[in-house]
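The data block below is start.txt; it holds compact mmCIF, C-alpha atoms.
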```txt
# COMPACT_ATOMS: atom_id res chain seq x y z
CA MET A 1 0.00 0.00 0.00
CA THR A 2 2.43 2.66 -1.14
CA ASN A 3 1.30 6.17 -2.00
CA SER A 4 -1.57 5.74 0.43
CA VAL A 5 -2.27 7.75 3.55
CA ARG A 6 -2.97 4.42 5.24
CA PRO A 7 0.55 3.20 6.00
CA GLY A 8 1.38 -0.32 4.92
CA THR A 9 0.93 -2.78 7.74
CA ASP A 10 0.83 -6.52 7.37
CA ARG A 11 -2.50 -7.07 9.07
CA GLY A 12 -5.81 -5.25 8.74
CA LEU A 13 -7.88 -3.79 11.57
CA LEU A 14 -11.27 -4.90 12.84
CA ILE A 15 -13.41 -1.81 13.39
CA VAL A 16 -16.55 -2.35 15.44
CA LEU A 17 -19.12 0.42 14.97
CA SER A 18 -21.90 0.46 17.51
CA GLY A 19 -24.25 2.84 19.29
CA PRO A 20 -27.83 3.10 20.51
CA SER A 21 -30.75 2.28 18.25
CA GLY A 22 -31.77 5.40 16.32
CA VAL A 23 -28.31 7.01 16.33
CA GLY A 24 -27.79 6.38 12.60
CA LYS A 25 -25.31 3.46 12.43
CA GLY A 26 -26.81 2.23 9.15
CA THR A 27 -26.73 5.68 7.52
CA VAL A 28 -23.11 6.27 8.56
CA CYS A 29 -22.11 2.81 7.29
CA ALA A 30 -23.83 3.44 3.95
CA ALA A 31 -21.95 6.73 3.63
CA LEU A 32 -18.67 4.99 4.55
CA ARG A 33 -19.18 2.51 1.70
CA LYS A 34 -18.94 5.46 -0.66
CA CYS A 35 -16.08 7.41 0.91
CA ALA A 36 -14.00 4.42 2.08
CA PRO A 37 -14.28 1.90 -0.76
CA ASP A 38 -11.29 -0.17 0.49
CA LEU A 39 -13.06 -1.02 3.74
CA VAL A 40 -14.56 -4.52 3.84
CA TYR A 41 -17.94 -5.03 5.53
CA SER A 42 -18.42 -7.99 7.81
CA VAL A 43 -20.99 -10.50 6.54
CA SER A 44 -23.27 -12.05 9.19
CA ALA A 45 -24.44 -15.63 9.34
CA THR A 46 -28.19 -16.20 9.77
CA THR A 47 -30.74 -19.00 9.83
CA ARG A 48 -33.49 -16.88 8.35
CA ALA A 49 -34.48 -17.61 4.76
CA ALA A 50 -32.83 -15.61 1.98
CA ARG A 51 -35.08 -12.92 0.52
CA ALA A 52 -35.38 -12.27 -3.20
CA GLY A 53 -32.08 -10.94 -4.55
CA GLU A 54 -30.05 -11.77 -1.45
CA ILE A 55 -26.83 -13.62 -2.25
CA ASP A 56 -25.15 -16.14 0.06
CA GLY A 57 -21.74 -14.80 1.16
CA VAL A 58 -22.63 -11.23 0.14
CA ASN A 59 -25.72 -10.22 2.14
CA TYR A 60 -25.48 -13.07 4.65
CA PHE A 61 -24.03 -16.50 5.03
CA PHE A 62 -27.26 -18.53 5.03
CA LYS A 63 -27.12 -21.49 7.39
CA THR A 64 -29.50 -24.18 8.69
CA LYS A 65 -30.19 -24.13 12.43
CA GLU A 66 -28.09 -27.28 12.76
CA GLN A 67 -25.15 -25.67 10.97
CA PHE A 68 -25.49 -22.53 13.09
CA ARG A 69 -25.59 -24.50 16.36
CA SER A 70 -22.48 -26.39 15.37
CA MET A 71 -20.73 -23.04 14.61
CA ILE A 72 -21.64 -21.94 18.15
CA GLU A 73 -20.28 -25.17 19.62
CA ARG A 74 -17.03 -24.90 17.67
CA ASP A 75 -16.58 -21.25 18.79
CA GLU A 76 -16.67 -20.06 15.18
CA LEU A 77 -18.71 -16.93 15.95
CA LEU A 78 -17.41 -13.68 17.46
CA GLU A 79 -20.95 -13.11 18.80
CA TRP A 80 -24.42 -14.43 18.14
CA ALA A 81 -28.01 -13.74 19.18
CA GLU A 82 -31.48 -15.16 18.63
CA TYR A 83 -34.09 -12.78 17.23
CA VAL A 84 -37.72 -13.66 16.38
CA GLY A 85 -36.93 -17.38 16.16
CA ASN A 86 -33.80 -17.05 14.03
CA TYR A 87 -30.09 -16.96 14.79
CA TYR A 88 -27.78 -14.15 13.70
CA GLY A 89 -24.01 -14.05 14.28
CA THR A 90 -20.59 -12.89 13.12
CA PRO A 91 -18.40 -15.65 11.65
CA ARG A 92 -14.85 -15.33 12.93
CA SER A 93 -13.34 -16.94 9.79
CA PHE A 94 -14.50 -14.18 7.40
CA VAL A 95 -13.07 -11.52 9.73
CA GLU A 96 -9.74 -13.34 10.20
CA GLN A 97 -9.37 -14.02 6.48
CA THR A 98 -9.93 -10.36 5.61
CA LEU A 99 -7.45 -9.16 8.27
CA ASN A 100 -4.83 -11.65 7.04
CA GLU A 101 -5.20 -10.20 3.54
CA GLY A 102 -4.12 -6.86 5.09
CA LYS A 103 -7.57 -5.31 4.65
CA ASP A 104 -9.58 -3.45 7.26
CA ILE A 105 -13.03 -4.81 8.06
CA ILE A 106 -15.94 -3.02 9.71
CA LEU A 107 -18.68 -4.62 11.75
CA GLU A 108 -21.87 -2.63 12.41
CA ILE A 109 -23.60 -4.05 15.44
CA GLU A 110 -25.77 -3.16 18.43
CA VAL A 111 -24.17 -2.28 21.76
CA GLN A 112 -24.44 -5.65 23.56
CA GLY A 113 -23.17 -7.58 20.54
CA ALA A 114 -20.17 -5.27 20.24
CA LEU A 115 -19.18 -5.98 23.83
CA LYS A 116 -19.37 -9.73 23.16
CA VAL A 117 -17.04 -9.22 20.18
CA LYS A 118 -14.67 -7.32 22.47
CA GLU A 119 -14.38 -10.36 24.77
CA LYS A 120 -13.25 -12.56 21.90
CA PHE A 121 -11.39 -9.93 19.89
CA PRO A 122 -9.96 -7.29 22.28
CA GLU A 123 -7.49 -6.03 19.63
CA GLY A 124 -10.41 -4.61 17.61
CA VAL A 125 -11.03 -0.86 17.46
CA PHE A 126 -14.33 -0.16 19.21
CA ILE A 127 -16.16 2.97 18.09
CA PHE A 128 -19.33 4.19 19.80
CA LEU A 129 -21.54 6.36 17.62
CA THR A 130 -23.29 8.85 19.88
CA PRO A 131 -26.06 11.37 19.22
CA PRO A 132 -25.11 15.05 19.76
CA SER A 133 -27.59 15.03 22.69
CA LEU A 134 -30.40 12.95 24.17
CA THR A 135 -32.94 15.49 22.88
CA GLU A 136 -31.58 14.98 19.37
CA LEU A 137 -31.82 11.17 19.70
CA GLU A 138 -35.42 11.46 20.89
CA SER A 139 -36.37 13.70 17.98
CA ARG A 140 -34.79 11.19 15.55
CA ILE A 141 -36.85 8.35 17.05
CA VAL A 142 -40.03 10.48 17.10
CA GLY A 143 -39.25 11.64 13.55
CA ARG A 144 -39.73 8.13 12.21
CA GLY A 145 -43.40 8.64 13.13
CA THR A 146 -44.00 4.92 13.60
CA GLU A 147 -43.88 4.57 17.36
CA SER A 148 -46.27 5.07 20.26
CA GLU A 149 -45.42 7.39 23.14
CA GLU A 150 -44.79 4.41 25.40
CA SER A 151 -42.53 2.77 22.86
CA ILE A 152 -40.53 6.01 22.49
CA ARG A 153 -40.12 6.24 26.28
CA ASN A 154 -38.94 2.62 26.41
CA ARG A 155 -36.47 3.16 23.59
CA MET A 156 -35.07 6.25 25.31
CA THR A 157 -34.57 4.29 28.55
CA VAL A 158 -32.72 1.57 26.62
CA ALA A 159 -30.66 4.21 24.79
CA VAL A 160 -29.59 5.85 28.05
CA ASP A 161 -28.49 2.45 29.41
CA GLU A 162 -26.60 1.79 26.19
CA ILE A 163 -24.86 5.17 26.24
CA ARG A 164 -23.58 4.27 29.72
CA LEU A 165 -21.71 1.36 28.09
CA MET A 166 -19.73 3.85 25.98
CA GLU A 167 -16.98 3.73 28.58
CA GLN A 168 -16.03 0.26 27.38
CA TYR A 169 -15.27 1.60 23.90
CA ASP A 170 -12.04 3.11 22.51
CA TYR A 171 -13.63 6.03 20.67
CA ALA A 172 -16.84 8.05 20.81
CA VAL A 173 -17.84 9.63 17.50
CA VAL A 174 -20.60 12.22 17.64
CA ASN A 175 -23.03 11.78 14.74
CA ASP A 176 -23.94 15.44 14.33
CA GLN A 177 -23.58 15.25 10.54
CA VAL A 178 -23.18 12.00 8.61
CA GLU A 179 -20.24 13.26 6.50
CA LEU A 180 -18.39 14.52 9.57
CA ALA A 181 -18.97 11.23 11.41
CA CYS A 182 -17.56 9.42 8.34
CA GLN A 183 -14.48 11.64 8.25
CA ARG A 184 -13.87 11.02 11.94
CA ILE A 185 -14.11 7.25 11.50
CA GLN A 186 -11.71 7.41 8.55
CA ALA A 187 -9.30 9.50 10.65
CA ILE A 188 -9.49 6.90 13.45
CA LEU A 189 -8.59 4.18 10.93
CA ILE A 190 -5.53 6.08 9.68
CA ALA A 191 -4.44 6.98 13.21
CA GLU A 192 -4.80 3.39 14.44
CA HIS A 193 -2.54 2.22 11.61
CA CYS A 194 0.03 4.78 12.82
CA ARG A 195 -0.01 3.54 16.43
CA ARG A 196 3.54 2.86 17.48
CA GLU A 197 2.86 -0.76 18.48
CA ARG A 198 1.56 -1.45 14.95
CA VAL A 199 4.44 0.27 13.12
CA LEU A 200 7.30 -0.84 15.40
CA PRO A 201 7.61 -4.46 14.17
CA ARG A 202 8.29 -3.22 10.61
CA ILE A 203 10.86 -0.69 11.80
CA GLN A 204 12.56 -3.27 14.02
CA LYS A 205 12.79 -5.50 10.95
CA TRP A 206 14.80 -2.98 8.94
CA MET A 207 16.89 -2.06 11.99
CA GLU A 208 17.92 -5.74 12.28
CA GLU A 209 18.81 -5.93 8.61
CA VAL A 210 21.35 -3.15 9.03
CA HIS A 211 22.96 -4.26 12.29
CA MET B 1 -16.41 24.22 17.13
CA THR B 2 -19.56 23.05 15.35
CA ASN B 3 -19.58 21.95 11.69
CA SER B 4 -16.00 20.84 12.12
CA VAL B 5 -14.60 17.37 11.77
CA ARG B 6 -12.66 18.08 14.96
CA PRO B 7 -15.31 17.49 17.61
CA GLY B 8 -15.76 20.21 20.19
CA THR B 9 -13.79 19.50 23.33
CA ASP B 10 -13.09 21.97 26.05
CA ARG B 11 -9.33 21.60 26.07
CA GLY B 12 -6.82 21.46 23.23
CA LEU B 13 -4.18 18.80 22.70
CA LEU B 14 -0.41 19.11 22.90
CA ILE B 15 1.11 17.31 19.93
CA VAL B 16 4.82 16.62 20.18
CA LEU B 17 6.42 15.91 16.80
CA SER B 18 9.87 14.42 16.95
CA GLY B 19 12.20 12.10 15.06
CA PRO B 20 15.84 11.69 14.08
CA SER B 21 17.80 14.54 12.54
CA GLY B 22 17.37 14.47 8.75
CA VAL B 23 13.93 12.84 8.77
CA GLY B 24 12.20 16.04 7.67
CA LYS B 25 10.48 17.36 10.83
CA GLY B 26 10.85 20.97 9.66
CA THR B 27 9.48 20.26 6.18
CA VAL B 28 6.48 18.39 7.57
CA CYS B 29 5.80 21.20 10.07
CA ALA B 30 5.98 23.80 7.31
CA ALA B 31 3.48 21.79 5.24
CA LEU B 32 1.21 21.43 8.30
CA ARG B 33 1.10 25.20 8.69
CA LYS B 34 -0.60 25.33 5.29
CA CYS B 35 -2.99 22.39 5.58
CA ALA B 36 -3.83 22.78 9.30
CA PRO B 37 -4.12 26.54 9.83
CA ASP B 38 -5.94 26.16 13.20
CA LEU B 39 -2.97 24.43 14.77
CA VAL B 40 -0.87 26.66 17.02
CA TYR B 41 2.93 26.30 16.97
CA SER B 42 4.81 26.29 20.23
CA VAL B 43 7.17 29.24 20.62
CA SER B 44 10.53 28.49 22.27
CA ALA B 45 12.39 30.67 24.73
CA THR B 46 16.05 31.41 23.97
CA THR B 47 18.95 33.45 25.25
CA ARG B 48 20.46 33.93 21.82
CA ALA B 49 20.19 37.38 20.28
CA ALA B 50 17.26 38.13 17.97
CA ARG B 51 18.20 38.16 14.29
CA ALA B 52 16.96 40.78 11.88
CA GLY B 53 13.21 40.46 11.41
CA GLU B 54 12.66 38.10 14.34
CA ILE B 55 9.83 39.15 16.62
CA ASP B 56 9.67 38.44 20.35
CA GLY B 57 6.73 36.13 21.10
CA VAL B 58 6.43 35.05 17.47
CA ASN B 59 9.76 33.50 16.47
CA TYR B 60 11.06 33.11 20.01
CA PHE B 61 10.59 34.50 23.47
CA PHE B 62 13.92 36.30 23.85
CA LYS B 63 15.30 36.10 27.40
CA THR B 64 18.45 37.08 29.22
CA LYS B 65 20.47 34.25 30.76
CA GLU B 66 19.34 35.40 34.17
CA GLN B 67 15.68 35.32 33.16
CA PHE B 68 16.13 31.89 31.59
CA ARG B 69 17.84 30.46 34.69
CA SER B 70 15.05 31.73 36.88
CA MET B 71 12.50 30.05 34.53
CA ILE B 72 14.41 26.77 35.03
CA GLU B 73 14.38 27.23 38.81
CA ARG B 74 10.65 27.97 38.88
CA ASP B 75 9.91 24.87 36.72
CA GLU B 76 8.42 27.08 34.01
CA LEU B 77 9.91 25.05 31.13
CA LEU B 78 8.65 21.72 29.77
CA GLU B 79 12.22 21.04 28.64
CA TRP B 80 15.40 22.99 28.04
CA ALA B 81 18.90 22.49 26.67
CA GLU B 82 22.12 24.40 26.20
CA TYR B 83 23.49 24.65 22.67
CA VAL B 84 26.62 26.54 21.57
CA GLY B 85 26.56 28.69 24.69
CA ASN B 86 22.88 29.59 24.59
CA TYR B 87 19.78 28.22 26.29
CA TYR B 88 16.72 27.00 24.42
CA GLY B 89 13.51 25.75 26.04
CA THR B 90 9.74 25.32 25.85
CA PRO B 91 7.78 27.66 28.16
CA ARG B 92 4.97 25.77 29.84
CA SER B 93 2.76 28.88 30.17
CA PHE B 94 2.35 29.41 26.41
CA VAL B 95 1.40 25.75 25.95
CA GLU B 96 -1.08 25.78 28.86
CA GLN B 97 -2.67 29.04 27.75
CA THR B 98 -3.22 27.70 24.20
CA LEU B 99 -4.72 24.43 25.49
CA ASN B 100 -7.04 26.32 27.85
CA GLU B 101 -8.31 28.33 24.87
CA GLY B 102 -9.40 24.96 23.38
CA LYS B 103 -6.74 25.09 20.67
CA ASP B 104 -4.32 22.34 19.71
CA ILE B 105 -0.63 23.17 19.87
CA ILE B 106 2.26 21.41 18.16
CA LEU B 107 5.83 21.27 19.38
CA GLU B 108 8.57 20.22 16.92
CA ILE B 109 11.56 19.01 18.87
CA GLU B 110 14.45 16.55 18.79
CA VAL B 111 14.07 13.10 20.33
CA GLN B 112 15.67 13.66 23.75
CA GLY B 113 13.77 16.92 24.29
CA ALA B 114 10.47 15.22 23.45
CA LEU B 115 11.06 12.59 26.13
CA LYS B 116 11.75 15.33 28.68
CA VAL B 117 8.41 16.93 27.72
CA LYS B 118 6.73 13.54 28.21
CA GLU B 119 7.95 13.43 31.83
CA LYS B 120 6.28 16.75 32.59
CA PHE B 121 3.33 16.44 30.24
CA PRO B 122 2.39 12.75 29.86
CA GLU B 123 -1.09 13.62 28.52
CA GLY B 124 0.51 14.97 25.32
CA VAL B 125 0.28 13.06 22.05
CA PHE B 126 3.78 11.93 21.09
CA ILE B 127 4.39 11.37 17.38
CA PHE B 128 7.65 9.95 16.07
CA LEU B 129 8.40 10.84 12.46
CA THR B 130 10.35 7.99 10.92
CA PRO B 131 12.11 7.61 7.56
CA PRO B 132 10.73 4.87 5.28
CA SER B 133 14.05 3.04 5.77
CA LEU B 134 17.57 3.62 7.08
CA THR B 135 18.86 3.67 3.50
CA GLU B 136 16.42 6.47 2.72
CA LEU B 137 17.54 8.46 5.80
CA GLU B 138 21.17 8.06 4.78
CA SER B 139 20.50 9.25 1.25
CA ARG B 140 18.67 12.31 2.65
CA ILE B 141 21.67 13.17 4.85
CA VAL B 142 24.12 12.52 2.00
CA GLY B 143 21.88 14.49 -0.34
CA ARG B 144 22.51 17.66 1.61
CA GLY B 145 26.06 17.35 0.27
CA THR B 146 27.54 19.27 3.19
CA GLU B 147 28.93 16.48 5.32
CA SER B 148 32.07 14.35 5.43
CA GLU B 149 31.87 10.57 5.33
CA GLU B 150 32.74 10.38 9.01
CA SER B 151 30.09 12.91 9.93
CA ILE B 152 27.49 10.94 7.94
CA ARG B 153 28.50 7.73 9.76
CA ASN B 154 28.19 9.50 13.12
CA ARG B 155 24.81 10.92 12.25
CA MET B 156 23.54 7.51 11.17
CA THR B 157 24.70 5.98 14.48
CA VAL B 158 22.87 8.70 16.40
CA ALA B 159 19.78 8.23 14.20
CA VAL B 160 19.70 4.48 14.89
CA ASP B 161 19.89 5.16 18.64
CA GLU B 162 17.11 7.72 18.33
CA ILE B 163 14.88 5.39 16.32
CA ARG B 164 15.20 2.87 19.18
CA LEU B 165 13.48 5.49 21.41
CA MET B 166 10.40 5.32 19.16
CA GLU B 167 8.90 2.79 21.55
CA GLN B 168 8.27 5.56 24.08
CA TYR B 169 6.02 7.39 21.60
CA ASP B 170 2.28 6.96 20.95
CA TYR B 171 2.44 7.06 17.16
CA ALA B 172 5.00 6.43 14.43
CA VAL B 173 4.37 8.35 11.20
CA VAL B 174 6.40 7.28 8.18
CA ASN B 175 7.60 10.30 6.21
CA ASP B 176 7.51 8.68 2.77
CA GLN B 177 5.82 11.74 1.23
CA VAL B 178 5.38 15.06 3.02
CA GLU B 179 1.68 15.41 2.10
CA LEU B 180 0.90 11.88 3.30
CA ALA B 181 2.78 12.45 6.57
CA CYS B 182 0.72 15.64 7.06
CA GLN B 183 -2.55 13.84 6.39
CA ARG B 184 -1.59 11.14 8.90
CA ILE B 185 -0.78 13.72 11.57
CA GLN B 186 -4.10 15.47 10.93
CA ALA B 187 -5.91 12.12 11.19
CA ILE B 188 -4.16 11.46 14.52
CA LEU B 189 -5.38 14.83 15.80
CA ILE B 190 -9.00 14.13 14.84
CA ALA B 191 -8.84 10.59 16.26
CA GLU B 192 -7.33 11.77 19.55
CA HIS B 193 -10.20 14.23 19.96
CA CYS B 194 -12.60 11.28 19.48
CA ARG B 195 -10.97 9.13 22.17
CA ARG B 196 -13.65 7.95 24.55
CA GLU B 197 -11.96 9.41 27.64
CA ARG B 198 -11.95 12.87 26.00
CA VAL B 199 -15.59 12.75 24.82
CA LEU B 200 -17.09 11.02 27.87
CA PRO B 201 -17.11 14.03 30.26
CA ARG B 202 -19.30 15.99 27.81
CA ILE B 203 -21.71 13.07 27.35
CA GLN B 204 -21.91 12.49 31.11
CA LYS B 205 -22.80 16.15 31.47
CA TRP B 206 -25.88 15.91 29.25
CA MET B 207 -26.80 12.54 30.78
CA GLU B 208 -26.88 14.20 34.22
CA GLU B 209 -29.04 17.04 32.93
CA VAL B 210 -31.75 14.57 31.88
CA HIS B 211 -31.77 12.33 34.97
```
So, in terms of structure tokens, how does the structure I just supplied come out?
Amino acid sequence: MTNSVRPGTDRGLLIVLSGPSGVGKGTVCAALRKCAPDLVYSVSATTRAARAGEIDGVNYFFKTKEQFRSMIERDELLEWAEYVGNYYGTPRSFVEQTLNEGKDIILEIEVQGALKVKEKFPEGVFIFLTPPSLTELESRIVGRGTESEESIRNRMTVAVDEIRLMEQYDYAVVNDQVELACQRIQAILIAEHCRRERVLPRIQKWMEEVH
Amino acid sequence: MTNSVRPGTDRGLLIVLSGPSGVGKGTVCAALRKCAPDLVYSVSATTRAARAGEIDGVNYFFKTKEQFRSMIERDELLEWAEYVGNYYGTPRSFVEQTLNEGKDIILEIEVQGALKVKEKFPEGVFIFLTPPSLTELESRIVGRGTESEESIRNRMTVAVDEIRLMEQYDYAVVNDQVELACQRIQAILIAEHCRRERVLPRIQKWMEEVH
């Protein structure tokens, strides 16, 4: 990776992007796909049926329940959860393979799932996407216009609990504007590749060659 | 600082840019002045006489030897050194004042001086500028065309010793191209402002206001 602002390192980085429901994780990730085309997106495994147009290995890795359970048993998932009768999870092999190819991979996931990933993959870079304020988060949830007052109150309570978990993350990116949030995430990627502990092995290599 | 990729934080960051002689610290700093106009540059104190056109408080803080020694005694310098009969040092007050105004300040300094700053100011962000290889550093030193073979050998020995000190720094930025090195330093600045421990106090503040 010469002539690139991202310095050449042998191994890629796992970026975990999380944050409370309603903060705009999906929108920021969609914007990142445009401005950071080299970034690979983690593909989840699921037991739900493929919908029209969905491709195995692109949208999801489609698995039977038996296959999924055996992945759990063999510790092949960085995290998994059951939702409305189906399993969803993050296959470790796809992440590892991408990192070994020297590419960075991003995983967009809810707050609890991200913390499970951290247990199995502490060397990941954990980014918490936060609203500019609680008022702003509430107006985004209300703005969808699909939820009852009670449901909004419940979601706000959950969001507040989730924001408390921010302290287990490495970075907190304020999603005040999607483009700015994207630029911050890209800056974090470049900076993480410049961290001394990541660059040092290469330098030590050429120091040994001389002496 | 709204509408800025640099998230609003109350206090600025001290960036210490160092690296072996010949690596191009001055060139990178000059380029940064253009592409990062909001960054403040640390002004050194010195006992040497002002040259034509030099302005006190802009190029240097010009001090008498007596004044300088009393600054040392009162611990008013983040680091200092004697060079060819004159004192040079970094006044802490200028750095603190800039940080309290919420501005980032950069200090370009040789490797030993940077490590002295780290003792007094561990919360700084320490960036080591490294050549792409030792061969490249040697050709840059030779390229100046002003040094004897022995002097080049000596400088390379010093450089190798200095590069070993890289492990005390937070980041290692490869100076393969000046513009890329600048972009990496700017990315590090943005990322450091997004570090969870820097953002968290603001978030906790608006969490308290609600509950």
Excluding B:Tyr171 and any residue of its chain fewer than 5 positions from it, enumerate the residues within 7 Å of it, using only C-alpha atoms, and give them as a PyMOL selection string. (chain A and resi 194-196) or (chain B and resi 126-128)
Margin query: Just the number, please: distance in Å from atom CA of A:Trp206 to atom CA of B:Thr135, one decimal.
Written below: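 Atom-to-atom, atom CA of A:Trp206 to atom CA of B:Thr135, that is 9.5 Å.
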Of A:Pro132, A:Pro201, A:Gly12, A:Gly113, the one sitting nearest A:Val95 when using only C-alpha atoms is A:Gly12
How close does chain B get to chain A? List, as a tab-separated table, each residue of chain B within 7 Å, its nearest atom pair and the distance in Å to one decimal, counting all atoms listed in the file.
```
residue	atom	partner	partner_atom	distance
B:Val5	CA	A:Leu180	CA	5.2
B:Ser133	CA	A:Trp206	CA	6.8
B:Glu167	CA	A:Arg196	CA	6.7
B:Tyr169	CA	A:Arg196	CA	6.6
B:Asp170	CA	A:Arg196	CA	5.5
B:Tyr171	CA	A:Arg195	CA	4.4
B:Ala172	CA	A:Arg196	CA	4.9
B:Val173	CA	A:Cys194	CA	5.8
B:Leu180	CA	A:Val5	CA	5.2
B:Gln183	CA	A:Val5	CA	6.7
B:Arg184	CA	A:Val5	CA	6.4
B:Ala187	CA	A:Ala187	CA	4.3
B:Ile188	CA	A:Ala191	CA	4.7
B:Ile190	CA	A:Ala187	CA	6.3
B:Ala191	CA	A:Ile188	CA	4.7
B:Cys194	CA	A:Tyr171	CA	5.5
B:Arg195	CA	A:Tyr171	CA	4.4
B:Arg196	CA	A:Tyr171	CA	4.3
B:Val199	CA	A:Ala172	CA	6.3
B:Trp206	CA	A:Ser133	CA	6.8
```
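Atom to atom, atom CA of B:Asp104 and atom CA of B:Asp38 stand 7.7 Å apart.
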Give me the box for stretch 64-73 of chain A as AutoDock Vina command-line options, namely the centre and edge lengths in Å to one decimal of a box along x, y and z that holds every listed atom plus 5 Å on each side.
```
--center_x -25.2 --center_y -24.6 --center_z 14.2 --size_x 19.9 --size_y 15.3 --size_z 20.9
```
note - atom CA of B:Val158 and atom CA of B:Ala31 are separated by 25.9 Å
Show which residues sit within 6 Å of A:Val111, as an MDAnalysis selection string. Count only C-alpha atoms, and ignore same-chain residues fewer than 3 positions away. chainID A and resid 18:19 114
- Task: Please check which residues have atoms at most 10 Å from (21.8, 16.7, 6.7) in the file's coordinates, counting all atoms listed in the file, and write them as a VMD selection string.
- Result: chain B and resid 21 to 24 137 to 147 151 to 152 155
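Each of B:Thr27, B:Asn59, B:Thr98, B:Thr90 was compared to B:Leu39 using all atoms listed in the file, and B:Thr98 turns out to be the nearest.
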Of B:Cys29, B:Lys34, B:Gln97, B:Ala81, the one nearest to B:Ile15 when counting all atoms listed in the file is B:Cys29
Skipping near chain neighbours, those fewer than 3 positions away, what residues fall within 12 Å of A:Glu82 using only C-alpha atoms, listed as an MDAnalysis selection string? chainID A and resid 45:48 65 68:69 72 79 85:89 113
- Excluding same-chain residues fewer than 3 positions from B:Tyr41, what lies within 7 Å of it counting only C-alpha atoms, as a PyMOL selection string? chain B and resi 105-107
Please reconstruct the missing atoms of stretch 189-205 of chain B (target: N, CA and C atoms) and return them as a compact mmCIF listing (two decimals), in the coordinates of the input.
```txt
# COMPACT_ATOMS: atom_id res chain seq x y z
N LEU B 189 -4.75 13.77 15.02
CA LEU B 189 -5.38 14.83 15.80
C LEU B 189 -6.88 14.62 15.94
N ILE B 190 -7.54 14.35 14.82
CA ILE B 190 -9.00 14.13 14.84
C ILE B 190 -9.32 12.92 15.71
N ALA B 191 -8.59 11.82 15.49
CA ALA B 191 -8.84 10.59 16.26
C ALA B 191 -8.65 10.82 17.75
N GLU B 192 -7.59 11.53 18.12
CA GLU B 192 -7.33 11.77 19.55
C GLU B 192 -8.46 12.57 20.19
N HIS B 193 -9.05 13.49 19.42
CA HIS B 193 -10.20 14.23 19.96
C HIS B 193 -11.43 13.35 20.11
N CYS B 194 -11.46 12.21 19.38
CA CYS B 194 -12.60 11.28 19.48
C CYS B 194 -12.36 10.20 20.52
N ARG B 195 -11.21 10.19 21.18
CA ARG B 195 -10.97 9.13 22.17
C ARG B 195 -12.02 9.22 23.26
N ARG B 196 -12.53 8.04 23.61
CA ARG B 196 -13.65 7.95 24.55
C ARG B 196 -13.41 8.78 25.81
N GLU B 197 -12.21 8.71 26.37
CA GLU B 197 -11.96 9.41 27.64
C GLU B 197 -12.03 10.93 27.47
N ARG B 198 -11.85 11.43 26.24
CA ARG B 198 -11.95 12.87 26.00
C ARG B 198 -13.39 13.30 25.77
N VAL B 199 -14.20 12.40 25.16
CA VAL B 199 -15.59 12.75 24.82
C VAL B 199 -16.52 12.51 26.02
N LEU B 200 -16.20 11.47 26.80
CA LEU B 200 -17.09 11.02 27.87
C LEU B 200 -17.54 12.12 28.84
N PRO B 201 -16.65 13.01 29.30
CA PRO B 201 -17.11 14.03 30.26
C PRO B 201 -18.26 14.88 29.71
N ARG B 202 -18.22 15.21 28.39
CA ARG B 202 -19.30 15.99 27.81
C ARG B 202 -20.61 15.21 27.79
N ILE B 203 -20.51 13.92 27.43
CA ILE B 203 -21.71 13.07 27.35
C ILE B 203 -22.31 12.91 28.76
N GLN B 204 -21.42 12.66 29.73
CA GLN B 204 -21.91 12.49 31.11
C GLN B 204 -22.63 13.73 31.57
N LYS B 205 -22.17 14.88 31.09
CA LYS B 205 -22.80 16.15 31.47
C LYS B 205 -24.25 16.19 30.98
```
